[in-house]
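Enquirer: I'd like to ask you about the structure that follows.
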Amino acid sequence: MAGERAALPLLALAGPTASGKSALALSLAARWPLEIISVDSALVYRGMDIGTAKPSPAERAAVPHHLIDLLEPTQAYSAARFVVDTQRLAGEVRARGRVPLLVGGTMLYLKALMEGLNAMPTADPALRAELDAQAAAQGWPAMHAELARVDPATAARLPPNDAQRIQRALEVWRASGVPLSQWHAQARSPGAAVTLVALEPASRAWLHERIALRFHAMLAAGFVDEVKGLRARGDLQPALPSMRCVGYRQAWEALDTGELAALPERGIAATRQLAKRQLTWLRGLPRQVLACDDEQLAAQALALLAPLLDAQARL
């Protein structure tokens with residue numbers, strides 16, 4: 001029985017921000033013995049609740065959730081750690097006779113899980129701090145120019161202000177002496193079997209409206225005060241991965257400049273861009289698509305997912 005469970009593919013429900021993933025997952029959990037494994041690089045952080053649309057305490061009490069509130073915002077999480085954590089958690093959930101359901105929109109994590117990873121160096125906090133200090137003095141375009149000298153292939157695919165990816169590429173180079181592009185060319189670890197169901201809108205206008213409504217709802221719920229509280233800790237700065245999350249970056253900048261009136265427009269625009277990137281990532285993964293703006297979504301999701309969930313729940 002345990003072997004049969006382990007052989008089953010993992011089920012994943014993914015989609016762009018505001019596509020209704022969490023609501024659909026919770027409705028499924030009312031019918032099957034599910035535990036939700038979050039696929040979200042922002043939900044891992046404690047104290048970042050409003051701007052991440054973190055599941056409420058009542059929702060988390062009703063349905064077990066994993067990979068939420070793991071870290072302080074000073075820390076970093078990675079795709080490699082996500083893969084290890086998810087494989088461990090999936091085994092533990094199945095050992096309890098329940099069904100793991102992956103839910104979220106960090107497509108890099110899903111891609112790493114499905115396709116495997118290269119065994120490149122892990123994150124080095126001291127080295128990252130050194131790179132952040134250099135970037136603060138010189139600017140990220142200068143860091144991009146340095147990357148172009150040591151790893152032109154990686155630099156060519158990154159814009160000069162993509163701080164997070166430039167930092168990671170330079171970190172890998174300085175830690176190992178091997179360019180990131182060479183690490184990517186090496187053999188990967190085996191990927192996991194994943195049945196991916198993607199929520200994708202037929203109408204971008206529908207998604208854009210939901211993004212705007214959700215951002216305004218976050219502001220009404222106290223998002224700016226949440227970011228003020230994070231700033232007041234004294235140990236956070238805008239270059240950290242946590243503070244680069246969409247919404248938090250724009251709110252931090254608005255508090256720096258005092259231009260809070262422009263925050264809704266900038267936050268909504270950034271979230272739209274995030275959704276566009278998420279959809280681009282999704283199209284590169286093998287998946288089954290459900291139109292999240294279809295009035296019959298619930299019925300269509302049941303028709304698609306019921307046989308898969310029944311098969312897993314029986315074991």
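Note on naming: chains are A, B, ... as they come in the structure tokens, residues start from 1 per chain, ligands start from 1 in the order shown.
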Show which residues sit within 9 Å of stretch 103-110 of chain A, as a ChimeraX atom specification. Count only C-alpha atoms, and ignore same-chain residues fewer than 5 positions away.
Expert: /A:11-17,21-22,25,36-42,78-80,82-83,115,194,275,278-279,281-282,285
Enquirer: Go ahead and save the residues from that selection, with N, CA, C and O atoms, as a short mmCIF file (atom, residue, chain, number, x, y, z; two decimals), in the first residue's frame.
Expert:
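So the final result, stored in selection.cif, reads:
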data_model
loop_
_atom_site.label_atom_id
_atom_site.label_comp_id
_atom_site.auth_asym_id
_atom_site.auth_seq_id
_atom_site.Cartn_x
_atom_site.Cartn_y
_atom_site.Cartn_z
N LEU A 11 -0.27 15.66 -7.24
CA LEU A 11 -1.25 16.52 -7.89
C LEU A 11 -0.93 17.97 -7.55
O LEU A 11 -0.67 18.30 -6.39
N ALA A 12 -0.95 18.82 -8.57
CA ALA A 12 -0.63 20.23 -8.37
C ALA A 12 -1.68 21.10 -9.05
O ALA A 12 -2.13 20.81 -10.16
N LEU A 13 -2.06 22.15 -8.35
CA LEU A 13 -3.02 23.14 -8.85
C LEU A 13 -2.28 24.48 -8.90
O LEU A 13 -1.91 25.01 -7.85
N ALA A 14 -2.04 24.97 -10.10
CA ALA A 14 -1.25 26.19 -10.26
C ALA A 14 -2.00 27.20 -11.12
O ALA A 14 -2.98 26.88 -11.78
N GLY A 15 -1.50 28.43 -11.10
CA GLY A 15 -2.11 29.48 -11.90
C GLY A 15 -1.57 30.82 -11.49
O GLY A 15 -0.86 30.94 -10.48
N PRO A 16 -1.88 31.85 -12.25
CA PRO A 16 -1.41 33.19 -11.90
C PRO A 16 -2.08 33.70 -10.63
O PRO A 16 -3.10 33.17 -10.18
N THR A 17 -1.51 34.73 -10.07
CA THR A 17 -2.09 35.34 -8.88
C THR A 17 -3.53 35.78 -9.16
O THR A 17 -3.86 36.21 -10.27
N LYS A 21 -6.96 29.84 -7.14
CA LYS A 21 -6.35 28.56 -6.76
C LYS A 21 -6.74 28.13 -5.36
O LYS A 21 -7.15 26.98 -5.13
N SER A 22 -6.58 29.05 -4.41
CA SER A 22 -6.80 28.68 -3.01
C SER A 22 -8.26 28.34 -2.75
O SER A 22 -8.57 27.37 -2.05
N ALA A 25 -8.92 24.92 -4.13
CA ALA A 25 -8.28 23.89 -3.31
C ALA A 25 -9.07 23.64 -2.03
O ALA A 25 -9.26 22.49 -1.62
N ILE A 36 -2.70 20.62 2.00
CA ILE A 36 -2.20 21.53 0.98
C ILE A 36 -0.73 21.83 1.22
O ILE A 36 -0.34 22.22 2.33
N ILE A 37 0.08 21.64 0.19
CA ILE A 37 1.49 22.02 0.22
C ILE A 37 1.63 23.28 -0.62
O ILE A 37 1.38 23.26 -1.83
N SER A 38 1.98 24.38 0.00
CA SER A 38 2.05 25.66 -0.68
C SER A 38 3.22 25.71 -1.65
O SER A 38 4.34 25.28 -1.33
N VAL A 39 2.95 26.23 -2.84
CA VAL A 39 3.99 26.45 -3.85
C VAL A 39 4.08 27.96 -4.05
O VAL A 39 3.69 28.51 -5.06
N ASP A 40 4.58 28.65 -3.03
CA ASP A 40 4.57 30.11 -3.04
C ASP A 40 5.79 30.62 -2.29
O ASP A 40 5.92 30.40 -1.08
N SER A 41 6.65 31.33 -2.99
CA SER A 41 7.90 31.79 -2.39
C SER A 41 7.70 32.91 -1.38
O SER A 41 8.63 33.24 -0.64
N ALA A 42 6.51 33.53 -1.34
CA ALA A 42 6.24 34.59 -0.36
C ALA A 42 5.58 34.05 0.91
O ALA A 42 5.80 34.59 2.00
N SER A 78 14.67 28.61 -1.30
CA SER A 78 15.14 28.31 -2.65
C SER A 78 14.32 27.20 -3.28
O SER A 78 13.63 26.43 -2.59
N ALA A 79 14.44 27.09 -4.60
CA ALA A 79 13.77 26.01 -5.32
C ALA A 79 14.31 24.65 -4.86
O ALA A 79 13.54 23.69 -4.73
N ALA A 80 15.61 24.58 -4.60
CA ALA A 80 16.19 23.31 -4.16
C ALA A 80 15.61 22.88 -2.81
O ALA A 80 15.27 21.71 -2.61
N PHE A 82 12.72 23.83 -1.63
CA PHE A 82 11.31 23.49 -1.87
C PHE A 82 11.16 22.04 -2.34
O PHE A 82 10.28 21.32 -1.87
N VAL A 83 12.01 21.61 -3.26
CA VAL A 83 11.91 20.24 -3.77
C VAL A 83 12.12 19.24 -2.65
O VAL A 83 11.35 18.27 -2.50
N GLU A 115 11.18 18.81 -13.21
CA GLU A 115 12.28 18.57 -14.14
C GLU A 115 13.60 18.23 -13.46
O GLU A 115 14.56 17.84 -14.13
N VAL A 194 4.42 14.59 -11.66
CA VAL A 194 3.43 15.57 -11.20
C VAL A 194 2.33 15.68 -12.24
O VAL A 194 2.61 15.86 -13.43
N ALA A 275 1.61 38.19 -13.00
CA ALA A 275 0.67 37.23 -13.58
C ALA A 275 1.08 36.86 -15.00
O ALA A 275 0.98 35.69 -15.41
N GLN A 278 3.90 34.43 -14.76
CA GLN A 278 3.42 33.13 -14.30
C GLN A 278 2.79 32.34 -15.44
O GLN A 278 3.01 31.13 -15.58
N LEU A 279 2.00 33.02 -16.26
CA LEU A 279 1.36 32.35 -17.40
C LEU A 279 2.40 31.90 -18.42
O LEU A 279 2.26 30.82 -19.02
N TRP A 281 5.51 30.99 -17.74
CA TRP A 281 6.12 29.79 -17.15
C TRP A 281 5.20 28.59 -17.32
O TRP A 281 5.66 27.49 -17.69
N LEU A 282 3.92 28.77 -17.06
CA LEU A 282 2.98 27.65 -17.14
C LEU A 282 2.96 27.03 -18.53
O LEU A 282 2.87 25.82 -18.68
N LEU A 285 5.22 24.14 -19.25
CA LEU A 285 5.11 22.92 -18.45
C LEU A 285 3.97 22.05 -18.98
O LEU A 285 2.94 22.57 -19.41
#
Enquirer: Would you mind telling me which residue in A:Thr52, A:Thr271, A:Gln75, A:Gln300 lies nearest to A:Gln237 when using only C-alpha atoms?
Expert: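 Of A:Thr52, A:Thr271, A:Gln75, A:Gln300, the one nearest A:Gln237, counting only C-alpha atoms, is A:Gln75.
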Enquirer: What's the 12 Å shell around A:Arg88, counting only C-alpha atoms, without same-chain residues fewer than 6 positions away, as a list in words?
Expert: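 Here the qualifying residues turn out to be Ala6, Ile37, His66, Leu67, Arg81, Phe82, Arg94, Ala95 and Pro100 of chain A.
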Enquirer: Using only C-alpha atoms, which protein or nucleic acid residues come within 10 Å of A:His184? Drop anything in the same chain fewer than 6 positions from it, and give the result as a PDB file with N, CA and C atoms, in the first residue's frame.
Expert:
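Printed below is out-v1.pdb as written:
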ATOM      1  N   LEU A 117      16.853  19.180 -10.566  1.00  0.00           N
ATOM      2  CA  LEU A 117      17.747  20.311 -10.298  1.00  0.00           C
ATOM      3  C   LEU A 117      19.194  19.932 -10.545  1.00  0.00           C
ATOM      4  N   ASN A 118      20.003  20.941 -10.855  1.00  0.00           N
ATOM      5  CA  ASN A 118      21.452  20.765 -10.896  1.00  0.00           C
ATOM      6  C   ASN A 118      21.988  20.879  -9.476  1.00  0.00           C
ATOM      7  N   ALA A 119      23.065  20.186  -9.187  1.00  0.00           N
ATOM      8  CA  ALA A 119      23.647  20.183  -7.835  1.00  0.00           C
ATOM      9  C   ALA A 119      24.588  21.366  -7.658  1.00  0.00           C
ATOM     10  N   MET A 120      24.073  22.579  -7.838  1.00  0.00           N
ATOM     11  CA  MET A 120      24.918  23.767  -7.730  1.00  0.00           C
ATOM     12  C   MET A 120      25.046  24.219  -6.273  1.00  0.00           C
ATOM     13  N   THR A 154      24.812  33.791 -19.112  1.00  0.00           N
ATOM     14  CA  THR A 154      23.773  34.126 -18.143  1.00  0.00           C
ATOM     15  C   THR A 154      23.444  35.617 -18.203  1.00  0.00           C
TER      16      THR A 154
END
Enquirer: Find the residue from A:Ala217, A:His208, A:Leu196, A:Gly191 that sits nearest to A:Gly284; use only C-alpha atoms when measuring.
Expert: A:Leu196
Enquirer: Compile the contact shell of A:Asp124 as a list in words: residues with an atom at most 12 Å away, counting only C-alpha atoms, same-chain residues fewer than 2 positions apart removed.
Expert: Gln75, Ala76, Tyr77, Ser78, Met120, Pro121, Thr122, Ala126, Leu127, Arg128, Ala129, Glu130, Leu131, Gln167, Arg168, Leu170, Glu171, Val172, Trp173, Arg174, Ala175 and Ser176 of chain A
Enquirer: Output the selection as a CSV table (one decimal), in the first residue's frame - C-alpha atoms for each residue.
Expert:
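The result, stored in result-v7.csv:
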chain,number,residue,atom,x,y,z
A,75,GLN,CA,16.2,34.5,5.5
A,76,ALA,CA,16.2,33.1,2.0
A,77,TYR,CA,14.3,30.1,0.6
A,78,SER,CA,15.1,28.3,-2.7
A,120,MET,CA,24.9,23.8,-7.7
A,121,PRO,CA,26.2,25.6,-4.6
A,122,THR,CA,23.6,26.4,-1.9
A,126,ALA,CA,27.7,36.0,4.0
A,127,LEU,CA,28.5,36.1,0.3
A,128,ARG,CA,25.0,37.5,-0.5
A,129,ALA,CA,25.6,40.3,2.1
A,130,GLU,CA,28.9,41.0,0.4
A,131,LEU,CA,27.2,41.2,-3.0
A,167,GLN,CA,23.1,38.2,-7.3
A,168,ARG,CA,22.5,34.4,-7.5
A,170,LEU,CA,27.5,36.0,-9.1
A,171,GLU,CA,27.1,34.1,-5.8
A,172,VAL,CA,27.4,30.8,-7.7
A,173,TRP,CA,30.5,32.0,-9.6
A,174,ARG,CA,32.2,33.3,-6.5
A,175,ALA,CA,31.4,30.2,-4.4
A,176,SER,CA,32.4,27.7,-7.0
Enquirer: Hey, which of A:Glu35, A:Glu200, A:Asp49, A:Glu59 ends up closest to A:Gly229? Count only C-alpha atoms.
Expert: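 Result for the nearest residue to A:Gly229: A:Asp49.
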Enquirer: Skipping near chain neighbours, those fewer than 2 positions away, what residues fall within 12 Å of stretch 256-265 of chain A using only C-alpha atoms, listed as an mmCIF file with N, CA, C and O atoms, in the first residue's frame?
Expert:
data_model
loop_
_atom_site.group_PDB
_atom_site.id
_atom_site.type_symbol
_atom_site.label_atom_id
_atom_site.label_comp_id
_atom_site.auth_asym_id
_atom_site.auth_seq_id
_atom_site.Cartn_x
_atom_site.Cartn_y
_atom_site.Cartn_z
ATOM 1 N N ILE A 211 -7.181 41.218 -10.018
ATOM 2 C CA ILE A 211 -5.933 41.696 -9.419
ATOM 3 C C ILE A 211 -6.141 43.060 -8.776
ATOM 4 O O ILE A 211 -5.701 43.316 -7.647
ATOM 5 N N ALA A 212 -6.829 43.947 -9.485
ATOM 6 C CA ALA A 212 -7.078 45.285 -8.942
ATOM 7 C C ALA A 212 -7.945 45.221 -7.695
ATOM 8 O O ALA A 212 -7.655 45.887 -6.681
ATOM 9 N N LEU A 213 -8.999 44.424 -7.741
ATOM 10 C CA LEU A 213 -9.875 44.305 -6.577
ATOM 11 C C LEU A 213 -9.112 43.754 -5.375
ATOM 12 O O LEU A 213 -9.278 44.224 -4.244
ATOM 13 N N ARG A 214 -8.257 42.772 -5.634
ATOM 14 C CA ARG A 214 -7.536 42.176 -4.512
ATOM 15 C C ARG A 214 -6.517 43.141 -3.931
ATOM 16 O O ARG A 214 -6.342 43.208 -2.701
ATOM 17 N N PHE A 215 -5.842 43.903 -4.778
ATOM 18 C CA PHE A 215 -4.860 44.839 -4.247
ATOM 19 C C PHE A 215 -5.529 45.923 -3.408
ATOM 20 O O PHE A 215 -5.043 46.284 -2.330
ATOM 21 N N HIS A 216 -6.671 46.422 -3.882
ATOM 22 C CA HIS A 216 -7.405 47.417 -3.088
ATOM 23 C C HIS A 216 -7.897 46.813 -1.773
ATOM 24 O O HIS A 216 -7.895 47.487 -0.732
ATOM 25 N N ALA A 217 -8.303 45.555 -1.806
ATOM 26 C CA ALA A 217 -8.738 44.884 -0.573
ATOM 27 C C ALA A 217 -7.582 44.745 0.409
ATOM 28 O O ALA A 217 -7.759 44.900 1.633
ATOM 29 N N MET A 218 -6.384 44.454 -0.104
ATOM 30 C CA MET A 218 -5.207 44.365 0.767
ATOM 31 C C MET A 218 -4.908 45.716 1.420
ATOM 32 O O MET A 218 -4.605 45.782 2.622
ATOM 33 N N LEU A 219 -5.009 46.778 0.643
ATOM 34 C CA LEU A 219 -4.783 48.110 1.200
ATOM 35 C C LEU A 219 -5.804 48.417 2.296
ATOM 36 O O LEU A 219 -5.457 48.945 3.362
ATOM 37 N N ALA A 220 -7.061 48.056 2.046
ATOM 38 C CA ALA A 220 -8.109 48.300 3.043
ATOM 39 C C ALA A 220 -7.896 47.464 4.292
ATOM 40 O O ALA A 220 -8.303 47.860 5.395
ATOM 41 N N PHE A 223 -2.468 46.750 4.590
ATOM 42 C CA PHE A 223 -1.200 46.328 4.005
ATOM 43 C C PHE A 223 -0.072 47.326 4.259
ATOM 44 O O PHE A 223 1.059 46.937 4.597
ATOM 45 N N VAL A 224 -0.350 48.618 4.117
ATOM 46 C CA VAL A 224 0.703 49.618 4.325
ATOM 47 C C VAL A 224 1.207 49.561 5.762
ATOM 48 O O VAL A 224 2.421 49.642 6.023
ATOM 49 N N ASP A 225 0.309 49.396 6.715
ATOM 50 C CA ASP A 225 0.735 49.270 8.111
ATOM 51 C C ASP A 225 1.572 48.005 8.319
ATOM 52 O O ASP A 225 2.517 48.007 9.123
ATOM 53 N N VAL A 227 3.608 46.693 6.133
ATOM 54 C CA VAL A 227 4.950 46.992 5.629
ATOM 55 C C VAL A 227 5.673 47.969 6.563
ATOM 56 O O VAL A 227 6.881 47.841 6.796
ATOM 57 N N LYS A 228 4.942 48.929 7.115
ATOM 58 C CA LYS A 228 5.559 49.828 8.105
ATOM 59 C C LYS A 228 6.117 49.021 9.283
ATOM 60 O O LYS A 228 7.206 49.309 9.782
ATOM 61 N N ARG A 231 9.331 47.357 8.231
ATOM 62 C CA ARG A 231 10.426 48.334 8.179
ATOM 63 C C ARG A 231 10.912 48.683 9.582
ATOM 64 O O ARG A 231 12.119 48.886 9.799
ATOM 65 N N GLN A 237 15.868 45.047 4.702
ATOM 66 C CA GLN A 237 16.214 46.063 3.705
ATOM 67 C C GLN A 237 15.672 45.592 2.356
ATOM 68 O O GLN A 237 15.403 44.414 2.153
ATOM 69 N N PRO A 238 15.464 46.533 1.443
ATOM 70 C CA PRO A 238 14.698 46.225 0.233
ATOM 71 C C PRO A 238 15.347 45.226 -0.712
ATOM 72 O O PRO A 238 14.672 44.716 -1.610
ATOM 73 N N VAL A 246 6.355 40.985 -4.917
ATOM 74 C CA VAL A 246 5.457 41.963 -5.533
ATOM 75 C C VAL A 246 4.498 42.520 -4.483
ATOM 76 O O VAL A 246 3.940 41.774 -3.674
ATOM 77 N N GLY A 247 4.318 43.801 -4.501
ATOM 78 C CA GLY A 247 3.496 44.487 -3.508
ATOM 79 C C GLY A 247 4.358 45.044 -2.397
ATOM 80 O O GLY A 247 4.303 46.251 -2.113
ATOM 81 N N TYR A 248 5.189 44.208 -1.792
ATOM 82 C CA TYR A 248 6.067 44.659 -0.715
ATOM 83 C C TYR A 248 7.125 45.608 -1.265
ATOM 84 O O TYR A 248 7.441 46.631 -0.643
ATOM 85 N N ARG A 249 7.681 45.284 -2.428
ATOM 86 C CA ARG A 249 8.677 46.172 -3.024
ATOM 87 C C ARG A 249 8.070 47.540 -3.312
ATOM 88 O O ARG A 249 8.670 48.582 -2.991
ATOM 89 N N GLN A 250 6.875 47.550 -3.897
ATOM 90 C CA GLN A 250 6.240 48.824 -4.257
ATOM 91 C C GLN A 250 5.840 49.617 -3.004
ATOM 92 O O GLN A 250 5.960 50.847 -2.971
ATOM 93 N N ALA A 251 5.369 48.910 -1.970
ATOM 94 C CA ALA A 251 4.987 49.600 -0.735
ATOM 95 C C ALA A 251 6.215 50.177 -0.039
ATOM 96 O O ALA A 251 6.171 51.310 0.491
ATOM 97 N N TRP A 252 7.313 49.426 -0.022
ATOM 98 C CA TRP A 252 8.553 49.923 0.589
ATOM 99 C C TRP A 252 9.011 51.190 -0.125
ATOM 100 O O TRP A 252 9.371 52.191 0.510
ATOM 101 N N GLU A 253 9.000 51.149 -1.470
ATOM 102 C CA GLU A 253 9.424 52.319 -2.244
ATOM 103 C C GLU A 253 8.503 53.509 -1.995
ATOM 104 O O GLU A 253 8.974 54.654 -1.886
ATOM 105 N N ALA A 254 7.187 53.247 -1.900
ATOM 106 C CA ALA A 254 6.241 54.345 -1.661
ATOM 107 C C ALA A 254 6.471 54.980 -0.298
ATOM 108 O O ALA A 254 6.356 56.205 -0.143
ATOM 109 N N GLY A 267 1.353 49.083 -7.585
ATOM 110 C CA GLY A 267 1.200 47.718 -7.089
ATOM 111 C C GLY A 267 0.389 46.845 -8.032
ATOM 112 O O GLY A 267 0.724 45.679 -8.279
ATOM 113 N N ILE A 268 -0.677 47.402 -8.572
ATOM 114 C CA ILE A 268 -1.518 46.650 -9.511
ATOM 115 C C ILE A 268 -0.747 46.360 -10.790
ATOM 116 O O ILE A 268 -0.801 45.242 -11.329
ATOM 117 N N ALA A 269 -0.001 47.335 -11.288
ATOM 118 C CA ALA A 269 0.786 47.120 -12.508
ATOM 119 C C ALA A 269 1.833 46.027 -12.295
ATOM 120 O O ALA A 269 2.024 45.156 -13.166
ATOM 121 N N ALA A 270 2.506 46.051 -11.136
ATOM 122 C CA ALA A 270 3.517 45.031 -10.848
ATOM 123 C C ALA A 270 2.881 43.655 -10.726
ATOM 124 O O ALA A 270 3.470 42.647 -11.150
ATOM 125 N N THR A 271 1.694 43.595 -10.146
ATOM 126 C CA THR A 271 1.014 42.307 -9.999
ATOM 127 C C THR A 271 0.564 41.766 -11.350
ATOM 128 O O THR A 271 0.616 40.564 -11.613
ATOM 129 N N ARG A 272 0.143 42.656 -12.231
ATOM 130 C CA ARG A 272 -0.201 42.224 -13.595
ATOM 131 C C ARG A 272 1.018 41.632 -14.297
ATOM 132 O O ARG A 272 0.915 40.616 -14.999
#
Enquirer: How many Å separate atom CA of A:Asp235 from atom CA of A:Thr74?
Expert: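 Interatomic distance, atom CA of A:Asp235 to atom CA of A:Thr74: 7.1 Å.
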